[in-house]
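Visitor: Okay, so here is upload.cif, and as you'll see once you scroll down, it has mmCIF, C-alpha atoms.
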```
data_run
#
loop_
_atom_site.group_PDB
_atom_site.id
_atom_site.type_symbol
_atom_site.label_atom_id
_atom_site.label_comp_id
_atom_site.auth_asym_id
_atom_site.auth_seq_id
_atom_site.Cartn_x
_atom_site.Cartn_y
_atom_site.Cartn_z
ATOM 1 C CA MET Q 269 96.728 89.267 105.093
ATOM 2 C CA PHE Q 270 98.804 90.827 102.323
ATOM 3 C CA LYS Q 271 97.116 91.385 98.972
ATOM 4 C CA PHE Q 272 98.846 90.809 95.650
ATOM 5 C CA ASN Q 273 97.749 92.015 92.241
ATOM 6 C CA LEU Q 274 99.231 92.057 88.756
ATOM 7 C CA ASN Q 275 100.930 95.412 89.279
ATOM 8 C CA ALA Q 276 102.488 94.159 92.508
ATOM 9 C CA LEU Q 277 103.715 91.030 90.711
ATOM 10 C CA LYS Q 278 105.381 93.166 88.021
ATOM 11 C CA HIS Q 279 106.931 95.313 90.739
ATOM 12 C CA TYR Q 280 108.512 92.290 92.424
ATOM 13 C CA CYS Q 281 109.930 91.032 89.114
ATOM 14 C CA HIS Q 282 112.411 93.915 89.252
ATOM 15 C CA PRO Q 283 116.096 92.797 89.201
ATOM 16 C CA HIS Q 284 116.472 94.082 92.773
ATOM 17 C CA TYR Q 285 114.096 91.407 94.062
ATOM 18 C CA VAL Q 286 115.244 88.646 91.673
ATOM 19 C CA THR Q 287 118.891 89.038 92.705
ATOM 20 C CA ASN Q 288 117.830 89.269 96.352
ATOM 21 C CA ILE Q 289 116.164 85.867 96.019
ATOM 22 C CA ILE Q 290 119.331 84.442 94.458
ATOM 23 C CA LEU Q 291 121.491 85.845 97.262
ATOM 24 C CA SER Q 292 119.073 84.648 99.939
ATOM 25 C CA LEU Q 293 119.033 81.070 98.598
ATOM 26 C CA CYS Q 294 122.711 80.971 97.601
ATOM 27 C CA TYR Q 295 123.983 78.957 100.581
ATOM 28 C CA PHE Q 296 121.215 76.359 100.414
ATOM 29 C CA VAL Q 297 121.566 75.902 96.641
ATOM 30 C CA LEU Q 298 125.345 75.445 96.927
ATOM 31 C CA LYS Q 299 124.841 72.948 99.747
ATOM 32 C CA LYS Q 300 122.433 70.863 97.672
ATOM 33 C CA THR Q 301 124.329 70.952 94.339
ATOM 34 C CA PRO Q 302 126.423 67.725 94.455
ATOM 35 C CA HIS Q 303 129.645 68.593 92.607
ATOM 36 C CA VAL Q 304 129.701 72.207 93.770
ATOM 37 C CA CYS Q 305 129.047 71.204 97.371
ATOM 38 C CA SER Q 306 131.855 68.650 97.454
ATOM 39 C CA ALA Q 307 134.261 71.252 96.053
ATOM 40 C CA LEU Q 308 133.338 73.965 98.571
ATOM 41 C CA PHE Q 309 132.247 72.190 101.734
ATOM 42 C CA ASP Q 310 133.377 69.242 103.821
ATOM 43 C CA ASP Q 311 129.808 68.008 104.303
ATOM 44 C CA CYS Q 312 126.848 68.426 101.958
ATOM 45 C CA GLU Q 313 124.261 67.742 104.655
ATOM 46 C CA MET Q 314 122.736 70.503 106.776
ATOM 47 C CA GLU Q 315 124.175 70.448 110.290
ATOM 48 C CA MET Q 316 122.065 70.551 113.461
ATOM 49 C CA ARG Q 317 123.372 74.035 114.268
ATOM 50 C CA GLU Q 318 122.226 75.236 110.862
ATOM 51 C CA TRP Q 319 118.735 73.852 111.423
ATOM 52 C CA GLU Q 320 118.646 75.629 114.784
ATOM 53 C CA LEU Q 321 119.542 78.919 113.077
ATOM 54 C CA LEU Q 322 116.784 78.385 110.511
ATOM 55 C CA THR Q 323 114.266 77.641 113.266
ATOM 56 C CA PHE Q 324 115.285 80.815 115.089
ATOM 57 C CA PHE Q 325 114.985 82.728 111.793
ATOM 58 C CA GLY Q 326 111.436 81.404 111.302
ATOM 59 C CA CYS Q 327 110.418 82.506 114.800
ATOM 60 C CA VAL Q 328 111.812 86.003 114.200
ATOM 61 C CA LEU Q 329 109.886 86.283 110.922
ATOM 62 C CA VAL Q 330 106.629 85.252 112.591
ATOM 63 C CA ALA Q 331 107.137 87.961 115.215
ATOM 64 C CA LYS Q 332 108.106 90.546 112.592
ATOM 65 C CA HIS Q 333 105.138 89.616 110.383
ATOM 66 C CA ARG Q 334 102.714 91.075 112.941
ATOM 67 C CA LYS Q 335 104.532 94.429 113.011
ATOM 68 C CA GLN Q 336 105.076 95.045 109.288
ATOM 69 C CA ASN Q 337 103.044 97.812 107.659
ATOM 70 C CA SER Q 338 103.157 96.501 104.090
ATOM 71 C CA THR Q 339 104.118 93.589 101.864
ATOM 72 C CA SER Q 340 107.237 95.439 100.764
ATOM 73 C CA ASP Q 341 108.376 95.897 104.372
ATOM 74 C CA TYR Q 342 107.821 92.210 105.133
ATOM 75 C CA ILE Q 343 109.671 91.025 102.020
ATOM 76 C CA GLY Q 344 112.539 93.376 102.823
ATOM 77 C CA THR Q 345 112.722 91.899 106.342
ATOM 78 C CA VAL Q 346 112.797 88.350 104.933
ATOM 79 C CA PHE Q 347 115.683 89.222 102.595
ATOM 80 C CA MET Q 348 117.622 90.995 105.341
ATOM 81 C CA PHE Q 349 117.402 88.156 107.873
ATOM 82 C CA THR Q 350 118.047 85.467 105.234
ATOM 83 C CA LYS Q 351 121.273 87.188 104.196
ATOM 84 C CA ILE Q 352 122.353 87.601 107.824
ATOM 85 C CA ILE Q 353 121.800 83.870 108.411
ATOM 86 C CA SER Q 354 123.687 83.115 105.179
ATOM 87 C CA VAL Q 355 126.699 85.159 106.343
ATOM 88 C CA VAL Q 356 126.746 83.205 109.623
ATOM 89 C CA MET Q 357 126.505 79.858 107.820
ATOM 90 C CA PHE Q 358 129.203 80.762 105.303
ATOM 91 C CA PHE Q 359 131.432 81.935 108.169
ATOM 92 C CA ARG Q 360 131.023 78.551 109.856
ATOM 93 C CA GLN Q 361 132.415 76.974 106.698
ATOM 94 C CA SER Q 362 135.106 79.573 105.988
ATOM 95 C CA PRO Q 363 135.654 83.261 106.875
ATOM 96 C CA VAL Q 364 136.686 83.832 103.247
ATOM 97 C CA TYR Q 365 133.293 82.567 102.012
ATOM 98 C CA ALA Q 366 131.536 84.882 104.470
ATOM 99 C CA LEU Q 367 133.617 87.871 103.328
ATOM 100 C CA VAL Q 368 132.926 87.191 99.632
ATOM 101 C CA TYR Q 369 129.202 86.776 100.304
ATOM 102 C CA ALA Q 370 129.058 89.984 102.385
ATOM 103 C CA LEU Q 371 130.824 91.919 99.600
ATOM 104 C CA LEU Q 372 128.311 90.574 97.059
ATOM 105 C CA ALA Q 373 125.431 91.663 99.310
ATOM 106 C CA ILE Q 374 126.902 95.176 99.647
ATOM 107 C CA LEU Q 375 127.525 95.375 95.890
ATOM 108 C CA HIS Q 376 123.905 94.359 95.293
ATOM 109 C CA LEU Q 377 122.665 97.058 97.667
ATOM 110 C CA VAL Q 378 124.709 99.740 95.878
ATOM 111 C CA CYS Q 379 124.163 98.682 92.252
ATOM 112 C CA LEU Q 380 120.583 97.389 92.456
ATOM 113 C CA PRO Q 381 118.703 99.444 95.068
ATOM 114 C CA GLU Q 382 115.011 98.955 95.729
ATOM 115 C CA PRO Q 383 112.979 100.485 92.864
ATOM 116 C CA THR Q 384 111.282 103.794 93.550
ATOM 117 C CA TYR Q 385 107.660 104.603 92.718
ATOM 118 C CA SER Q 386 107.211 105.755 89.114
ATOM 119 C CA GLY Q 387 103.425 105.773 88.808
ATOM 120 C CA PRO Q 388 100.992 108.687 88.520
ATOM 121 C CA GLU Q 389 100.584 111.239 91.301
ATOM 122 C CA SER Q 390 98.747 114.520 91.928
ATOM 123 C CA ILE Q 391 100.966 116.281 94.453
ATOM 124 C CA VAL Q 392 101.908 119.930 94.951
ATOM 125 C CA TYR Q 393 105.475 120.316 96.265
ATOM 126 C CA PHE Q 394 105.540 123.389 98.478
ATOM 127 C CA ARG Q 395 108.524 125.665 98.967
ATOM 128 C CA GLY Q 396 108.608 127.395 102.322
ATOM 129 C CA GLN Q 397 106.064 130.209 102.541
ATOM 130 C CA SER Q 398 104.067 128.844 99.593
ATOM 131 C CA LEU Q 399 102.420 126.279 101.912
ATOM 132 C CA GLU Q 400 100.807 128.951 104.083
ATOM 133 C CA ASP Q 401 99.902 131.058 101.057
ATOM 134 C CA GLU Q 402 98.170 128.148 99.336
ATOM 135 C CA VAL Q 403 96.820 126.043 102.211
ATOM 136 C CA VAL Q 404 96.244 128.359 105.182
ATOM 137 C CA ARG Q 405 95.405 131.637 103.453
ATOM 138 C CA GLY Q 406 94.304 130.230 100.097
ATOM 139 C CA ASP Q 407 90.908 129.078 98.832
ATOM 140 C CA LYS Q 408 88.984 127.926 101.933
ATOM 141 C CA ARG Q 409 86.803 125.658 99.827
ATOM 142 C CA VAL Q 410 89.778 123.375 99.145
ATOM 143 C CA THR Q 411 90.680 120.600 101.597
ATOM 144 C CA TRP Q 412 94.369 119.715 101.746
ATOM 145 C CA LEU Q 413 96.242 116.639 102.921
ATOM 146 C CA VAL Q 414 99.859 117.704 103.413
ATOM 147 C CA GLU Q 415 102.803 115.438 104.190
ATOM 148 C CA PHE Q 416 105.802 116.877 106.030
ATOM 149 C CA TYR Q 417 108.780 114.689 105.149
ATOM 150 C CA ALA Q 418 112.568 114.478 104.935
ATOM 151 C CA PRO Q 419 114.363 112.616 102.114
ATOM 152 C CA TRP Q 420 116.912 111.135 104.574
ATOM 153 C CA SER Q 421 114.176 109.503 106.700
ATOM 154 C CA PRO Q 422 113.616 105.764 105.899
ATOM 155 C CA PRO Q 423 109.917 105.871 106.948
ATOM 156 C CA CYS Q 424 109.377 108.838 104.600
ATOM 157 C CA VAL Q 425 111.085 107.028 101.728
ATOM 158 C CA LYS Q 426 109.011 103.886 102.271
ATOM 159 C CA PHE Q 427 105.777 105.854 102.591
ATOM 160 C CA ALA Q 428 106.323 107.957 99.433
ATOM 161 C CA PRO Q 429 104.746 105.442 96.982
ATOM 162 C CA THR Q 430 101.646 105.079 99.187
ATOM 163 C CA PHE Q 431 101.144 108.835 99.412
ATOM 164 C CA SER Q 432 101.577 109.186 95.632
ATOM 165 C CA GLU Q 433 98.999 106.469 94.969
ATOM 166 C CA LEU Q 434 96.532 108.046 97.407
ATOM 167 C CA SER Q 435 96.988 111.457 95.766
ATOM 168 C CA HIS Q 436 96.162 109.979 92.370
ATOM 169 C CA LYS Q 437 93.199 108.002 93.691
ATOM 170 C CA TYR Q 438 91.529 110.721 95.807
ATOM 171 C CA HIS Q 439 92.491 113.949 94.033
ATOM 172 C CA LEU Q 440 89.675 116.407 93.259
ATOM 173 C CA ASP Q 441 89.597 120.110 92.464
ATOM 174 C CA ASN Q 442 88.652 120.732 96.102
ATOM 175 C CA LEU Q 443 90.644 117.852 97.637
ATOM 176 C CA ARG Q 444 94.331 118.293 97.003
ATOM 177 C CA PHE Q 445 97.573 116.736 98.194
ATOM 178 C CA GLY Q 446 100.836 118.467 99.041
ATOM 179 C CA LYS Q 447 104.313 117.724 100.379
ATOM 180 C CA VAL Q 448 106.963 119.886 101.985
ATOM 181 C CA ASP Q 449 110.583 118.914 102.623
ATOM 182 C CA VAL Q 450 111.256 119.965 106.222
ATOM 183 C CA SER Q 451 115.002 119.385 105.812
ATOM 184 C CA ARG Q 452 115.055 122.255 103.299
ATOM 185 C CA TYR Q 453 112.417 124.370 105.044
ATOM 186 C CA PRO Q 454 112.866 123.766 108.800
ATOM 187 C CA GLN Q 455 110.954 126.965 109.583
ATOM 188 C CA VAL Q 456 107.811 125.296 108.182
ATOM 189 C CA ALA Q 457 108.271 122.315 110.526
ATOM 190 C CA GLU Q 458 108.702 124.653 113.477
ATOM 191 C CA LYS Q 459 105.619 126.629 112.456
ATOM 192 C CA PHE Q 460 103.515 123.453 112.613
ATOM 193 C CA ASN Q 461 105.262 122.027 115.707
ATOM 194 C CA ILE Q 462 106.973 119.130 113.925
ATOM 195 C CA ASP Q 463 110.285 117.791 115.200
ATOM 196 C CA HIS Q 464 112.573 117.615 112.139
ATOM 197 C CA SER Q 465 115.736 116.461 113.922
ATOM 198 C CA SER Q 466 117.637 113.343 112.847
ATOM 199 C CA TRP Q 467 116.162 111.354 115.782
ATOM 200 C CA SER Q 468 112.592 112.558 115.184
ATOM 201 C CA LYS Q 469 109.716 110.078 115.479
ATOM 202 C CA GLN Q 470 107.311 112.557 113.842
ATOM 203 C CA LEU Q 471 108.391 112.027 110.233
ATOM 204 C CA PRO Q 472 106.468 111.752 108.099
ATOM 205 C CA THR Q 473 103.667 113.837 109.610
ATOM 206 C CA MET Q 474 100.366 114.204 107.753
ATOM 207 C CA ILE Q 475 97.894 116.989 108.399
ATOM 208 C CA VAL Q 476 94.417 117.511 106.947
ATOM 209 C CA PHE Q 477 93.577 121.199 106.504
ATOM 210 C CA GLN Q 478 89.964 122.311 106.116
ATOM 211 C CA ASN Q 479 88.983 125.973 105.851
ATOM 212 C CA GLY Q 480 92.665 126.751 106.191
ATOM 213 C CA LYS Q 481 92.858 125.163 109.658
ATOM 214 C CA GLU Q 482 94.336 121.908 110.912
ATOM 215 C CA LYS Q 483 91.679 119.237 111.406
ATOM 216 C CA ILE Q 484 93.512 115.889 111.656
ATOM 217 C CA ARG Q 485 97.166 115.119 112.383
ATOM 218 C CA ARG Q 486 99.010 111.805 112.362
ATOM 219 C CA PRO Q 487 101.032 110.790 114.212
ATOM 220 C CA VAL Q 488 99.429 112.363 117.261
ATOM 221 C CA CYS Q 489 101.989 114.108 119.457
ATOM 222 C CA GLU Q 490 102.329 115.232 123.039
ATOM 223 C CA GLY Q 491 105.206 117.667 123.122
ATOM 224 C CA LYS Q 492 107.960 115.958 121.148
ATOM 225 C CA LYS Q 493 106.618 112.488 121.868
ATOM 226 C CA ALA Q 494 104.888 110.924 118.853
ATOM 227 C CA PHE Q 495 102.483 108.004 119.255
ATOM 228 C CA LYS Q 496 103.197 105.139 116.871
ATOM 229 C CA PHE Q 497 101.273 105.293 113.592
ATOM 230 C CA ALA Q 498 101.204 102.479 111.008
ATOM 231 C CA LEU Q 499 102.085 103.915 107.595
ATOM 232 C CA ASN Q 500 100.037 101.647 105.358
ATOM 233 C CA GLU Q 501 97.320 102.623 102.903
ATOM 234 C CA GLU Q 502 94.360 101.209 104.833
ATOM 235 C CA ASN Q 503 95.392 102.862 108.081
ATOM 236 C CA VAL Q 504 96.030 106.240 106.450
ATOM 237 C CA ILE Q 505 92.646 106.168 104.698
ATOM 238 C CA ARG Q 506 90.894 105.309 107.965
ATOM 239 C CA GLU Q 507 92.773 107.638 110.319
ATOM 240 C CA MET Q 508 92.793 110.626 107.960
ATOM 241 C CA GLN Q 509 89.088 109.992 107.130
ATOM 242 C CA LEU Q 510 89.880 110.128 103.419
ATOM 243 C CA ASN Q 511 86.747 108.316 102.251
ATOM 244 C CA ASP Q 512 84.433 110.670 104.167
ATOM 245 C CA ILE Q 513 86.348 113.768 103.048
ATOM 246 C CA TYR Q 514 86.354 112.555 99.445
ATOM 247 C CA LEU Q 515 82.570 112.028 99.421
ATOM 248 C CA GLN Q 516 82.010 115.402 101.067
ATOM 249 C CA CYS Q 517 84.179 117.177 98.481
ATOM 250 C CA LYS Q 518 82.574 115.196 95.650
ATOM 251 C CA LYS Q 519 79.122 116.421 96.703
ATOM 252 C CA ASN Q 520 80.279 120.033 96.837
ATOM 253 C CA PRO Q 521 82.478 120.529 93.760
ATOM 254 C CA LEU Q 522 84.036 123.851 92.905
ATOM 255 C CA PRO Q 523 82.113 125.754 90.216
ATOM 256 C CA LYS Q 524 83.781 125.435 86.850
ATOM 257 C CA LYS Q 525 85.557 128.524 85.601
ATOM 258 C CA ARG Q 526 83.967 130.101 82.575
ATOM 259 C CA GLY Q 527 86.138 130.561 79.540
ATOM 260 C CA LYS Q 528 86.592 133.926 77.887
ATOM 261 C CA ASN Q 529 84.601 132.911 74.807
ATOM 262 C CA GLN Q 530 81.690 131.705 76.914
ATOM 263 C CA LEU Q 531 81.557 134.981 78.838
ATOM 264 C CA GLU Q 532 81.545 136.940 75.568
ATOM 265 C CA GLU Q 533 78.706 134.772 74.189
ATOM 266 C CA ASN Q 534 76.662 135.279 77.355
ATOM 267 C CA GLY Q 535 77.248 139.030 77.133
ATOM 268 C CA LYS Q 536 76.044 139.138 73.517
ATOM 269 C CA ALA Q 537 72.969 137.059 74.402
ATOM 270 C CA LYS Q 538 72.011 139.484 77.169
ATOM 271 C CA ALA Q 539 72.541 142.486 74.824
ATOM 272 C CA GLU Q 540 70.215 140.999 72.225
#
```
I need this file expressed as structure tokens, please.
Guide:
Amino acid sequence: MFKFNLNALKHYCHPHYVTNIILSLCYFVLKKTPHVCSALFDDCEMEMREWELLTFFGCVLVAKHRKQNSTSDYIGTVFMFTKIISVVMFFRQSPVYALVYALLAILHLVCLPEPTYSGPESIVYFRGQSLEDEVVRGDKRVTWLVEFYAPWSPPCVKFAPTFSELSHKYHLDNLRFGKVDVSRYPQVAEKFNIDHSSWSKQLPTMIVFQNGKEKIRRPVCEGKKAFKFALNEENVIREMQLNDIYLQCKKNPLPKKRGKNQLEENGKAKAE
């Protein structure tokens, strides 16, 4: 079951989703608006073929529903298939109608893209060698969850908001989150045996580092073959053992650094 909250509701009130709803329902609204329908179509009643297409569409959505990783993915699938069905139905009425509708859908995609995540995050963006300096050879008391991503990869783009939210929710002084763009630093991907090619099934890859060494990796790989991994929040928390790691780090916090003034005061106290 998908869970909605107030923040999610505000997110889906974005013009991208509102106009998507309008486009998705456009054909059916025009068909059921009396004067408009009579001006555009020969018949204002839904034909048997159209009901068959809708039935097929419903079956596809039921099948897709089981495979979607998030609400956003499912809603995106609904919009995509609804617009495809609308193009087919408009084409049955007139190729010109189908062309105009397709152009509107493309214009919508270009001018009103899906909104990106703009909430809080606690992420370190590594540049090449800095990952090894900070994570592998750095403070061994700090546990790192690092995402290896590419900005051209659709799964990476879709997963970005989830990773940002997790970084904000689980961040501690000794539990930190990082990202590295493997399209800019391919040598880093090769160092950690991650396929960064355009047909790669390993992006994004997440690795938990403890004591400077790799502990958990998802997706799991055998050679260049990556086993399927669902990129949703619940699955990432479970598979990367985030709750257990968080509690462990919470129980063993890093000692707070003493300020210069405090050290001077302690020195004076000992002298007296």
Visitor: Determine, for each residue of range 428-465 of chain Q having at least one atom at most 9 Å from an atom of range 513-516 of chain Q, the closest pair of atoms and their separation in Å to one decimal, counting all atoms listed in the file; order by chain and ascending number, as a tab-separated table.
Guide:
```
residue	atom	partner	partner_atom	distance
Q:Tyr438	CA	Q:Tyr514	CA	6.6
Q:His439	CA	Q:Tyr514	CA	8.3
Q:Leu440	CA	Q:Tyr514	CA	8.0
Q:Leu443	CA	Q:Tyr514	CA	7.1
```
Visitor: Quick one: everything within 6 Å of range 463-474 of chain Q, counting all atoms listed in the file, minus sequence neighbours fewer than 6 positions away in the same chain. Send it as a compact mmCIF listing (two decimals) with C-alpha atoms, keeping the file's coordinate frame.
Guide:
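Final file, part02.txt:
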```txt
# COMPACT_ATOMS: atom_id res chain seq x y z
CA VAL Q 414 99.86 117.70 103.41
CA GLU Q 415 102.80 115.44 104.19
CA PHE Q 416 105.80 116.88 106.03
CA TYR Q 417 108.78 114.69 105.15
CA CYS Q 424 109.38 108.84 104.60
CA ARG Q 485 97.17 115.12 112.38
CA ARG Q 486 99.01 111.80 112.36
CA ALA Q 494 104.89 110.92 118.85
```
Visitor: Could you state which residues are captured by the PyMOL selection byres ((chain Q and resi 304-314) around 12) in this file, as a PyMOL selection string?
Guide: chain Q and resi 294-303+315-322+357-362+364-365
Visitor: Write a file of the selected residues as a PDB file, in the frame of the given file, keeping C-alpha atoms.
Guide:
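Result written to out_24.pdb:
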```pdb
ATOM      1  CA  CYS Q 294     122.711  80.971  97.601  1.00  0.00           C
ATOM      2  CA  TYR Q 295     123.983  78.957 100.581  1.00  0.00           C
ATOM      3  CA  PHE Q 296     121.215  76.359 100.414  1.00  0.00           C
ATOM      4  CA  VAL Q 297     121.566  75.902  96.641  1.00  0.00           C
ATOM      5  CA  LEU Q 298     125.345  75.445  96.927  1.00  0.00           C
ATOM      6  CA  LYS Q 299     124.841  72.948  99.747  1.00  0.00           C
ATOM      7  CA  LYS Q 300     122.433  70.863  97.672  1.00  0.00           C
ATOM      8  CA  THR Q 301     124.329  70.952  94.339  1.00  0.00           C
ATOM      9  CA  PRO Q 302     126.423  67.725  94.455  1.00  0.00           C
ATOM     10  CA  HIS Q 303     129.645  68.593  92.607  1.00  0.00           C
ATOM     11  CA  GLU Q 315     124.175  70.448 110.290  1.00  0.00           C
ATOM     12  CA  MET Q 316     122.065  70.551 113.461  1.00  0.00           C
ATOM     13  CA  ARG Q 317     123.372  74.035 114.268  1.00  0.00           C
ATOM     14  CA  GLU Q 318     122.226  75.236 110.862  1.00  0.00           C
ATOM     15  CA  TRP Q 319     118.735  73.852 111.423  1.00  0.00           C
ATOM     16  CA  GLU Q 320     118.646  75.629 114.784  1.00  0.00           C
ATOM     17  CA  LEU Q 321     119.542  78.919 113.077  1.00  0.00           C
ATOM     18  CA  LEU Q 322     116.784  78.385 110.511  1.00  0.00           C
ATOM     19  CA  MET Q 357     126.505  79.858 107.820  1.00  0.00           C
ATOM     20  CA  PHE Q 358     129.203  80.762 105.303  1.00  0.00           C
ATOM     21  CA  PHE Q 359     131.432  81.935 108.169  1.00  0.00           C
ATOM     22  CA  ARG Q 360     131.023  78.551 109.856  1.00  0.00           C
ATOM     23  CA  GLN Q 361     132.415  76.974 106.698  1.00  0.00           C
ATOM     24  CA  SER Q 362     135.106  79.573 105.988  1.00  0.00           C
ATOM     25  CA  VAL Q 364     136.686  83.832 103.247  1.00  0.00           C
ATOM     26  CA  TYR Q 365     133.293  82.567 102.012  1.00  0.00           C
TER      27      TYR Q 365
END
```
Visitor: Determine the nearest neighbour of Pro381 in chain Q from the options Q:Glu507, Q:Pro523, Q:Leu499, Q:His282, counting all atoms listed in the file.
Guide: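 Closest residue, counting all atoms listed in the file: Q:His282.
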Visitor: Can you tell me how far CA of Gly326 in chain Q sits from CA of Ile353 in chain Q, in Å to one decimal?
Guide: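 That distance, rounded to one decimal, is 11.0 Å.
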Visitor: Let me make sure I understand: among Q:Pro383, Q:Thr411, Q:Cys517, Q:Ala428, which one has the smallest atom-to-atom distance to Lys278 in chain Q if we use only C-alpha atoms?
Guide: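 Of the candidates, the smallest distance to Lys278 in chain Q is held by Q:Pro383.
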Visitor: Quick one: residues within 7 Å of His436 in chain Q, only C-alpha atoms counted, chain neighbours fewer than 6 positions away excluded, as a short mmCIF file (atom, residue, chain, number, x, y, z; two decimals) with C-alpha atoms, keeping the file's coordinate frame?
Guide:
```cif
data_model
loop_
_atom_site.label_atom_id
_atom_site.label_comp_id
_atom_site.auth_asym_id
_atom_site.auth_seq_id
_atom_site.Cartn_x
_atom_site.Cartn_y
_atom_site.Cartn_z
CA PRO Q 388 100.99 108.69 88.52
CA GLU Q 389 100.58 111.24 91.30
CA SER Q 390 98.75 114.52 91.93
#
```
Visitor: Give me the residues near Ile484 in chain Q as a VMD selection string, where near means some atom within 8 Å (using only C-alpha atoms) and where sequence neighbours in that chain fewer than 6 positions away do not count.
Guide: chain Q and resid 475 to 477 508
Visitor: Counting all atoms listed in the file, which of Q:Leu510, Q:Val356, Q:Val448, Q:Leu380 gets nearest to Val392 in chain Q?
Guide: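 Distance minimum relative to Val392 in chain Q lands on Q:Val448.
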Visitor: Quick one: pull the distance between CA of Ala418 in chain Q and CA of Lys483 in chain Q, Å, one decimal.
Guide: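 Going from CA of Ala418 in chain Q over to CA of Lys483 in chain Q, I get 22.4 Å.
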Visitor: Mind listing as a list in words all residues within 10 Å of (117.4, 88.9, 110.5), counting all atoms listed in the file?
Guide: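 So the residues meeting the distance criterion are Phe324, Phe325, Gly326, Val328, Leu329, Lys332, Thr345, Val346, Phe347, Met348, Phe349, Thr350, Lys351, Ile352 and Ile353 of chain Q.
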Visitor: Nearest to Ser435 in chain Q: which of Q:Gln455, Q:Lys493, Q:Trp412, Q:Val378 is it, counting all atoms listed in the file?
Guide: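 Looking at the shortest contact to Ser435 in chain Q, the residue is Q:Trp412.
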Visitor: Between CA of Tyr369 in chain Q and CA of Lys426 in chain Q, what is the distance in Å, rounded to a tenth?
Guide: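 Going from CA of Tyr369 in chain Q over to CA of Lys426 in chain Q, I get 26.5 Å.
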Visitor: List the residues matched by the PyMOL selection byres ((chain Q and resi 287) around 12) in the displayed structure as a PyMOL selection string, ordered by chain and then by residue number.
Guide: chain Q and resi 280-286+288-294+347+351+372-373+375-377+379-382
